[in-house]
There are 2 protein chains.
Amino acid sequence: MAVLHYTLDFKLRAPADVSATVRGLQSIFQEQEMTENVHDSEGLGYLATFVGKNGRFAILRMHSHGLVTFDLQCLEGDDVAQVDNLLNALEKKLKALLDGNIQRIKRLPVLIRGSDVDRYWPTADGRLMEYDIDEVVYEKDSAYQNIKILHSRQFGNILILNGDVNLAESDLPYTQAIMGSGKEHYAGKEVLILGGGDGGILHEAVKLKPKMITMVEIDELVIDGCRKHMRKTCGNVLDNLKGDCYEVLVQDCVPVLKKFAEQGRTFDYVINDLTAVPISTAPEEDSTWEFLRLILDLSIRVLRPGGKYFTQGNCVNLTDALSEYEMLLGRLSCKVDFSKEVVCVPSYMELWVFYTIWKK
Amino acid sequence: MAVLHYTLDFKLRAPADVSATVRGLQSIFQEQEMTENVHDSEGLGYLATFVGKNGRFAILRMHSHGLVTFDLQCLEGDDVAQVDNLLNALEKKLKALLDGNIQRIKRLPVLIRGSDVDRYWPTADGRLMEYDIDEVVYEKDSAYQNIKILHSRQFGNILILNGDVNLAESDLPYTQAIMGSGKEHYAGKEVLILGGGDGGILHEAVKLKPKMITMVEIDELVIDGCRKHMRKTCGNVLDNLKGDCYEVLVQDCVPVLKKFAEQGRTFDYVINDLTAVPISTAPEEDSTWEFLRLILDLSIRVLRPGGKYFTQGNCVNLTDALSEYEMLLGRLSCKVDFSKEVVCVPSYMELWVFYTIWKK
């Protein structure tokens with residue numbers, strides 16, 4: 001059973017008269033039959049907690065620097081009208097008591113804590129996002145990662161790997177961006193996809209009549225989940241691991257890339273759609289950066305002259321990570337050049353950088 | 001000064017042994033010199049509050065149905081490393097104590113309450129969103145509304161009217177959608193824009209060489225703010241209220257529409273870019289729906305045969321509001337048909353519906 005956590009904050013222009021305000025609010029808590037407990041806050045304003053019926057619990061704090069915070073936690077299934085009444089009555093009374101001294105009133109959407117379906121998936125730059133998720137469609141722990149497919153009312157099913165939003169059925173702009181934003185000619189070309197277990201790139205690339213697509217995805221359970229629950233993304237390309245012009249190898253891409261490099265096998269396009277955090281079993285990966293460099297170096301080795309390497313970068317706000325990646329591009333065993341593009345991927349809720357890289 | 005509010009929740013598979021768990025955690029609070037206060041929670045599990053140094057305040061609750069919630073509130077400027085230590089120590093200890101019984105551990109990004117720059121702007125369907133806002137660029141109360149322009153690191157400046165995210169400098173997809181998604185020919189046409197004070201539509205429409213654009217925006221302070229702080233959106237079109245092929249009337253659009261209808265003046269395109277909640281002074285507007293109908297009826301009256309009326313609808317999740325709007329379209333004084341399109345507007349963080357409406 002979830003806990004609903006309501007907040008109501010009054011930011012003031014100047015410290016308020018604590019005792020008058022507290023006195024003015026007392027009748028509200030009494031009407032709600034909440035038992036008050038005033039805590040010693042060591043001279044830092046007023047702090048009281050209130051225990052009410054049905055497990056309701058509230059905290060009222062008047063900070064001496066001029067901020068009033070109110071928290072109300074109650075159990076899912078509690079009487080919503082009563083809870084609303086309390087919050088409305090408190091807001092109205094505080095408005096009256098603090099009249100003229102209010103800079104901002106903020107009542108955030110209720111925080112839902114411990115529910116069966118978790119709606120909070122932060123952005124890559126660590127911001128709080130509440131998704132419109134109403135169902136857990138698929139959840140498995142593979143040998144490599146935790147795999148979830150959650151249903152969003154607006155975005156369709158969303159693939160979440162180890163807690164990171166990977167791709168939703170709404171996110172064709174991601175797939176288009178990581179394929180070169182429609183500016184490349186795939187017809188007759190040889191394509192290598194690293195990762196890509198959701199099938200989105202494979203599905204779009206097959207339509208463009210390439211000569212051959214090789215996809216190397218380490219995690220069969222990702223493919224299994226997406227085959228069933230991400231049909232808008234993968235169509236029917238994952239129904240068989242082999243098609244007219246494609247083959248899916250369920251393997252770690254590092255040894256595969258090494259083998260291709262040794263064999264002198266090359267590709268027109270290499271698309272790196274691996275997860276941000278490495279899950280390969282390659283021993284070289286001391287760190288994420290070393291792994292990225294390993295993949296890049298190997299990929300550039302299997303790239304034909306005139307070929308292109310596509311990859312997602314990061315959210316635009318993680319400027320340090322983006323700079324570090326670009327510095328890494330200058331330290332590869334083979335000289336490369338790159339361009340980048342900022343794209344809005346619907347379910348990411350933050351702008352994302354994509355790279356195109358080629359041999360100099 | 002803001003209050004930082006941290007949460008740490010453990011969702012359990014089965015109710016935990018409360019006394020053993022609480023005993024196991026005690027040393028952590030003692031080390032942090034936090035004074036415990038156990039509350040009577042009327043048989044609904046365990047509830048304790050802790051007052052610590054520098055105004056720190058914590059709540060530990062072990063719900064009898066198998067959920068542990070922990071809240072820690074501290075003041076902005078508190079020692080982040082110490083706070084992190086407490087949360088990390090608590091998470092580690094709880095993991096050990098509840099080993100095998102944990103379904104989910106959730107630590108949300110910190111809630112920042114009462115800061116100078118408010119980062120929380122919920123979606124139209126009421127979900128909690130934290131924007132990467134770092135500066136209040138413009139704030140005015142006009143005769144009609146509260147106007148804010150806030151700076152987002154990724155979206156550029158964002159116009160917020162009465163607490164509603166209206167448009168960011170990143171949001172060309174909004175402007176393109178409300179102009180017919182590039183499928184219309186504006187050259188030589190007569191265009192009427194209702195609202196549109198940010199100048200985005202005017203800026204894009206002027207480039208398409210129409211015969212004449214008339215824009216009717218009620219709020220001069222919106223124009224003033226956007227002229228200075230939304231240059232990526234409006235370019236230089238708001239520098240003067242009259243240009244070669246456009247005129248901006250700073251007026252309530254209702255009497256203007258009535259005058260145009262009486263005069264028999266007509267337009268090829270009418271673009272309704274008014275705010276969702278009416279701020280017109282027209283006496284007819286008993287409700288939002290009546291206002292919408294009034295604007296629609298008047299707009300259709302000034303629409304040439306073959307002309308089109310464009311407007312934004314709502315977020316895709318507010319299906320009731322969308323249905324009601326479509327029902328309204330069936331009850332206009334003149335028969336109309338419509339089409340709709342779902343568009344991803346970067347700063348909205350939810351998918352948005354746009355309508356094209358024409359006389360049958």
# chains A, B, ... in the order shown; residues from 1 in each chain; ligands from 1

$ interface_residues --of "chain B" --to "chain A" --cutoff "7 Å" --atoms "only C-alpha atoms" --output "PyMOL selection string"
chain B and resi 1+9+11+41+44+55+65+67+108-109+114+126-130+153-154+316-317+344+346+349+351

$ write_last_selection --atoms "N, CA and C atoms" --output "PDB file, in the first residue's frame"
ATOM      1  N   MET B   1      16.002  31.160   2.189  1.00  0.00           N
ATOM      2  CA  MET B   1      16.815  29.941   2.233  1.00  0.00           C
ATOM      3  C   MET B   1      15.923  28.707   2.030  1.00  0.00           C
ATOM      4  N   ASP B   9      12.934   5.256   0.443  1.00  0.00           N
ATOM      5  CA  ASP B   9      11.832   4.329   0.714  1.00  0.00           C
ATOM      6  C   ASP B   9      12.224   2.891   0.405  1.00  0.00           C
ATOM      7  N   LYS B  11      10.342  -0.601  -0.213  1.00  0.00           N
ATOM      8  CA  LYS B  11       9.095  -1.355  -0.364  1.00  0.00           C
ATOM      9  C   LYS B  11       9.440  -2.819  -0.106  1.00  0.00           C
ATOM     10  N   SER B  41       1.422   5.610  16.920  1.00  0.00           N
ATOM     11  CA  SER B  41       0.764   5.617  15.600  1.00  0.00           C
ATOM     12  C   SER B  41      -0.456   4.707  15.595  1.00  0.00           C
ATOM     13  N   LEU B  44      -0.538   1.327  13.828  1.00  0.00           N
ATOM     14  CA  LEU B  44      -0.252   1.276  12.387  1.00  0.00           C
ATOM     15  C   LEU B  44       1.254   1.295  12.129  1.00  0.00           C
ATOM     16  N   GLY B  55      19.277  22.249  12.429  1.00  0.00           N
ATOM     17  CA  GLY B  55      17.910  22.242  11.916  1.00  0.00           C
ATOM     18  C   GLY B  55      17.523  20.980  11.162  1.00  0.00           C
ATOM     19  N   HIS B  65       2.085  -2.567   6.875  1.00  0.00           N
ATOM     20  CA  HIS B  65       1.827  -3.338   5.659  1.00  0.00           C
ATOM     21  C   HIS B  65       3.105  -3.613   4.866  1.00  0.00           C
ATOM     22  N   LEU B  67       6.200  -1.229   4.345  1.00  0.00           N
ATOM     23  CA  LEU B  67       6.830  -0.118   3.613  1.00  0.00           C
ATOM     24  C   LEU B  67       7.587   0.698   4.646  1.00  0.00           C
ATOM     25  N   LEU B 108      14.535   9.295  -4.201  1.00  0.00           N
ATOM     26  CA  LEU B 108      14.194  10.301  -5.217  1.00  0.00           C
ATOM     27  C   LEU B 108      15.223  11.424  -5.214  1.00  0.00           C
ATOM     28  N   PRO B 109      15.379  12.107  -6.345  1.00  0.00           N
ATOM     29  CA  PRO B 109      16.178  13.335  -6.340  1.00  0.00           C
ATOM     30  C   PRO B 109      15.624  14.267  -5.254  1.00  0.00           C
ATOM     31  N   GLY B 114      10.986  26.018  -1.307  1.00  0.00           N
ATOM     32  CA  GLY B 114      11.117  27.419  -0.904  1.00  0.00           C
ATOM     33  C   GLY B 114      12.354  28.114  -1.436  1.00  0.00           C
ATOM     34  N   GLY B 126      -1.130  17.205 -14.341  1.00  0.00           N
ATOM     35  CA  GLY B 126      -0.895  17.219 -12.888  1.00  0.00           C
ATOM     36  C   GLY B 126       0.264  16.410 -12.372  1.00  0.00           C
ATOM     37  N   ARG B 127       1.236  16.102 -13.231  1.00  0.00           N
ATOM     38  CA  ARG B 127       2.387  15.354 -12.742  1.00  0.00           C
ATOM     39  C   ARG B 127       3.525  16.281 -12.335  1.00  0.00           C
ATOM     40  N   LEU B 128       4.335  15.782 -11.416  1.00  0.00           N
ATOM     41  CA  LEU B 128       5.439  16.553 -10.862  1.00  0.00           C
ATOM     42  C   LEU B 128       6.632  16.543 -11.820  1.00  0.00           C
ATOM     43  N   MET B 129       7.086  17.717 -12.201  1.00  0.00           N
ATOM     44  CA  MET B 129       8.233  17.843 -13.096  1.00  0.00           C
ATOM     45  C   MET B 129       9.224  18.814 -12.477  1.00  0.00           C
ATOM     46  N   GLU B 130      10.463  18.443 -12.492  1.00  0.00           N
ATOM     47  CA  GLU B 130      11.507  19.362 -12.053  1.00  0.00           C
ATOM     48  C   GLU B 130      12.257  19.870 -13.280  1.00  0.00           C
ATOM     49  N   ARG B 153      18.328  25.661 -18.594  1.00  0.00           N
ATOM     50  CA  ARG B 153      19.627  25.412 -19.234  1.00  0.00           C
ATOM     51  C   ARG B 153      19.456  24.795 -20.616  1.00  0.00           C
ATOM     52  N   GLN B 154      18.505  23.873 -20.743  1.00  0.00           N
ATOM     53  CA  GLN B 154      18.380  23.194 -22.024  1.00  0.00           C
ATOM     54  C   GLN B 154      17.337  23.816 -22.951  1.00  0.00           C
ATOM     55  N   VAL B 316      -2.331  14.958 -24.375  1.00  0.00           N
ATOM     56  CA  VAL B 316      -3.037  13.748 -24.834  1.00  0.00           C
ATOM     57  C   VAL B 316      -3.717  13.011 -23.691  1.00  0.00           C
ATOM     58  N   ASN B 317      -3.204  13.146 -22.490  1.00  0.00           N
ATOM     59  CA  ASN B 317      -3.777  12.390 -21.370  1.00  0.00           C
ATOM     60  C   ASN B 317      -5.115  12.950 -20.872  1.00  0.00           C
ATOM     61  N   CYS B 344       5.169  16.518 -30.040  1.00  0.00           N
ATOM     62  CA  CYS B 344       6.043  16.593 -28.872  1.00  0.00           C
ATOM     63  C   CYS B 344       6.643  17.998 -28.796  1.00  0.00           C
ATOM     64  N   PRO B 346       9.075  20.270 -26.837  1.00  0.00           N
ATOM     65  CA  PRO B 346      10.158  19.934 -25.892  1.00  0.00           C
ATOM     66  C   PRO B 346       9.909  20.334 -24.437  1.00  0.00           C
ATOM     67  N   MET B 349       7.065  18.425 -21.819  1.00  0.00           N
ATOM     68  CA  MET B 349       7.300  17.127 -21.177  1.00  0.00           C
ATOM     69  C   MET B 349       6.041  16.258 -21.156  1.00  0.00           C
ATOM     70  N   LEU B 351       2.949  14.901 -24.357  1.00  0.00           N
ATOM     71  CA  LEU B 351       2.540  15.052 -25.755  1.00  0.00           C
ATOM     72  C   LEU B 351       1.290  15.924 -25.830  1.00  0.00           C
TER      73      LEU B 351
END

$ residues_around --residues "Glu190 in chain A" --least-positions-apart "5" --cutoff "10 Å" --atoms "only C-alpha atoms" --output "list in words"
Pro210, Lys211, Met212, Ile213, Thr214, Cys245, Tyr246, Thr266, Phe267, Asp268, Tyr269, Val270, Arg304 and Gly307 of chain A

$ select_by_dssp --residues "range 159-324 of chain B" --states "strand (DSSP E or B)" --output "ChimeraX atom specification"
/B:159-161,164-168,190-195,212-216,242,246-249,267-273,303-315

$ residues_around --residues "range 291-303 of chain B" --least-positions-apart "2" --cutoff "8 Å" --atoms "only C-alpha atoms" --output "PyMOL selection string"
chain B and resi 254+257-258+260-261+264-270+278+284-289+305+307-309+328+332-334+358-359

$ residues_around --residues "Leu202 in chain B" --least-positions-apart "4" --cutoff "10 Å" --atoms "only C-alpha atoms" --output "short mmCIF file (atom, residue, chain, number, x, y, z; two decimals) with N, CA, C and O atoms, in the first residue's frame"
data_model
loop_
_atom_site.label_atom_id
_atom_site.label_comp_id
_atom_site.auth_asym_id
_atom_site.auth_seq_id
_atom_site.Cartn_x
_atom_site.Cartn_y
_atom_site.Cartn_z
N THR B 175 5.09 26.06 -32.43
CA THR B 175 4.72 27.10 -33.40
C THR B 175 4.41 26.48 -34.75
O THR B 175 3.43 26.85 -35.42
N VAL B 191 -3.90 36.62 -42.45
CA VAL B 191 -3.78 35.78 -41.26
C VAL B 191 -4.20 36.57 -40.01
O VAL B 191 -3.84 37.75 -39.87
N LEU B 192 -4.95 35.91 -39.14
CA LEU B 192 -5.32 36.53 -37.86
C LEU B 192 -4.78 35.66 -36.74
O LEU B 192 -5.05 34.46 -36.68
N ILE B 193 -3.97 36.27 -35.86
CA ILE B 193 -3.45 35.54 -34.70
C ILE B 193 -4.14 36.07 -33.45
O ILE B 193 -4.11 37.27 -33.18
N GLY B 196 -0.83 35.04 -28.81
CA GLY B 196 0.47 34.93 -29.49
C GLY B 196 1.48 35.98 -29.06
O GLY B 196 2.40 36.32 -29.81
N GLY B 197 1.35 36.48 -27.85
CA GLY B 197 2.19 37.58 -27.36
C GLY B 197 3.67 37.27 -27.31
O GLY B 197 4.49 38.18 -27.25
N ASP B 198 4.02 35.98 -27.32
CA ASP B 198 5.45 35.64 -27.33
C ASP B 198 6.09 35.91 -28.69
O ASP B 198 7.31 35.90 -28.82
N VAL B 206 5.70 35.65 -40.71
CA VAL B 206 6.24 36.75 -41.51
C VAL B 206 7.21 36.23 -42.57
O VAL B 206 7.25 36.70 -43.71
N LYS B 207 7.99 35.18 -42.20
CA LYS B 207 8.96 34.61 -43.14
C LYS B 207 8.29 34.02 -44.38
O LYS B 207 8.93 33.82 -45.40
N ILE B 213 -0.74 40.07 -41.71
CA ILE B 213 -1.02 39.36 -40.46
C ILE B 213 -1.54 40.38 -39.45
O ILE B 213 -0.91 41.42 -39.23
N THR B 214 -2.67 40.07 -38.85
CA THR B 214 -3.16 40.89 -37.75
C THR B 214 -3.07 40.05 -36.49
O THR B 214 -3.57 38.92 -36.45
N MET B 215 -2.39 40.57 -35.50
CA MET B 215 -2.27 39.82 -34.23
C MET B 215 -2.95 40.63 -33.14
O MET B 215 -2.77 41.85 -33.06
N THR B 233 12.62 33.06 -30.00
CA THR B 233 11.26 32.77 -30.42
C THR B 233 10.71 33.87 -31.34
O THR B 233 10.13 33.58 -32.38
N CYS B 234 10.89 35.12 -30.95
CA CYS B 234 10.21 36.21 -31.67
C CYS B 234 11.11 36.95 -32.65
O CYS B 234 10.62 37.76 -33.44
N GLY B 235 12.43 36.66 -32.60
CA GLY B 235 13.32 37.43 -33.48
C GLY B 235 13.12 38.91 -33.20
O GLY B 235 13.03 39.32 -32.05
N VAL B 237 10.42 40.65 -34.53
CA VAL B 237 9.08 41.08 -34.98
C VAL B 237 8.33 41.90 -33.94
O VAL B 237 7.39 42.62 -34.28
N LEU B 238 8.72 41.76 -32.66
CA LEU B 238 8.01 42.53 -31.63
C LEU B 238 8.68 43.89 -31.37
O LEU B 238 8.20 44.67 -30.54
N TYR B 246 2.55 43.12 -41.19
CA TYR B 246 1.83 42.73 -39.97
C TYR B 246 1.50 43.92 -39.08
O TYR B 246 2.12 44.98 -39.18
N GLU B 247 0.50 43.70 -38.24
CA GLU B 247 0.12 44.70 -37.26
C GLU B 247 -0.28 43.99 -35.98
O GLU B 247 -1.01 43.01 -36.01
N VAL B 248 0.25 44.48 -34.85
CA VAL B 248 -0.11 43.91 -33.56
C VAL B 248 -1.05 44.87 -32.86
O VAL B 248 -0.71 46.03 -32.62
#

$ atom_distance --atom1 "CA of Ile218 in chain B" --atom2 "CA of Val136 in chain B"
23.3 Å

$ select_by_dssp --residues "range 31-251 of chain B" --states "alpha helix (DSSP H)" --output "ChimeraX atom specification"
/B:31,80-97,172-178,200-207,220-229,231-234

$ atom_distance --atom1 "CA of Gly77 in chain A" --atom2 "CA of Tyr6 in chain A"
14.2 Å

$ residues_around --residues "Lys360 in chain A" --least-positions-apart "5" --cutoff "9 Å" --atoms "only C-alpha atoms" --output "number ranges by chain"
A: 334-337

$ residues_around --residues "Arg23 in chain B" --least-positions-apart "4" --cutoff "12 Å" --atoms "only C-alpha atoms" --output "ChimeraX atom specification"
/B:17-19,27-30,46,93-94,97

$ write_last_selection --atoms "N, CA and C atoms" --output "PDB file, in the first residue's frame"
ATOM      1  N   ASP B  17      10.225  -7.186  10.739  1.00  0.00           N
ATOM      2  CA  ASP B  17      10.297  -7.227  12.202  1.00  0.00           C
ATOM      3  C   ASP B  17      10.669  -5.816  12.673  1.00  0.00           C
ATOM      4  N   VAL B  18       9.662  -5.080  13.149  1.00  0.00           N
ATOM      5  CA  VAL B  18       9.861  -3.668  13.450  1.00  0.00           C
ATOM      6  C   VAL B  18      10.922  -3.465  14.526  1.00  0.00           C
ATOM      7  N   SER B  19      10.780  -4.186  15.652  1.00  0.00           N
ATOM      8  CA  SER B  19      11.676  -3.868  16.771  1.00  0.00           C
ATOM      9  C   SER B  19      13.130  -4.207  16.435  1.00  0.00           C
ATOM     10  N   SER B  27      22.038   3.021  16.176  1.00  0.00           N
ATOM     11  CA  SER B  27      23.404   3.556  16.252  1.00  0.00           C
ATOM     12  C   SER B  27      23.624   4.668  15.228  1.00  0.00           C
ATOM     13  N   ILE B  28      22.961   4.549  14.077  1.00  0.00           N
ATOM     14  CA  ILE B  28      23.138   5.562  13.031  1.00  0.00           C
ATOM     15  C   ILE B  28      22.654   6.929  13.512  1.00  0.00           C
ATOM     16  N   PHE B  29      21.474   6.921  14.136  1.00  0.00           N
ATOM     17  CA  PHE B  29      20.926   8.210  14.616  1.00  0.00           C
ATOM     18  C   PHE B  29      21.735   8.742  15.792  1.00  0.00           C
ATOM     19  N   GLN B  30      22.225   7.808  16.615  1.00  0.00           N
ATOM     20  CA  GLN B  30      23.055   8.237  17.749  1.00  0.00           C
ATOM     21  C   GLN B  30      24.345   8.889  17.258  1.00  0.00           C
ATOM     22  N   TYR B  46       5.414   1.665  13.172  1.00  0.00           N
ATOM     23  CA  TYR B  46       6.336   2.437  14.002  1.00  0.00           C
ATOM     24  C   TYR B  46       6.536   3.809  13.365  1.00  0.00           C
ATOM     25  N   LYS B  93      22.441  -0.040   5.976  1.00  0.00           N
ATOM     26  CA  LYS B  93      21.993  -0.786   7.162  1.00  0.00           C
ATOM     27  C   LYS B  93      20.633  -1.432   6.911  1.00  0.00           C
ATOM     28  N   LEU B  94      19.723  -0.665   6.316  1.00  0.00           N
ATOM     29  CA  LEU B  94      18.386  -1.214   6.025  1.00  0.00           C
ATOM     30  C   LEU B  94      18.491  -2.387   5.047  1.00  0.00           C
ATOM     31  N   LEU B  97      19.568  -5.268   7.135  1.00  0.00           N
ATOM     32  CA  LEU B  97      18.538  -5.710   8.084  1.00  0.00           C
ATOM     33  C   LEU B  97      17.350  -6.368   7.386  1.00  0.00           C
TER      34      LEU B  97
END

$ residues_around --residues "Gly225 in chain B" --least-positions-apart "5" --cutoff "9 Å" --atoms "only C-alpha atoms" --output "number ranges by chain"
B: 138-140, 147-149, 159, 198, 220, 230

$ atom_distance --atom1 "CA of Gln312 in chain A" --atom2 "CA of Ala177 in chain A"
8.2 Å

$ closest_residue --among "A:Leu274, A:Leu322, A:Val256, A:Leu167" --to "Gly195 in chain A" --atoms "only C-alpha atoms"
A:Leu274
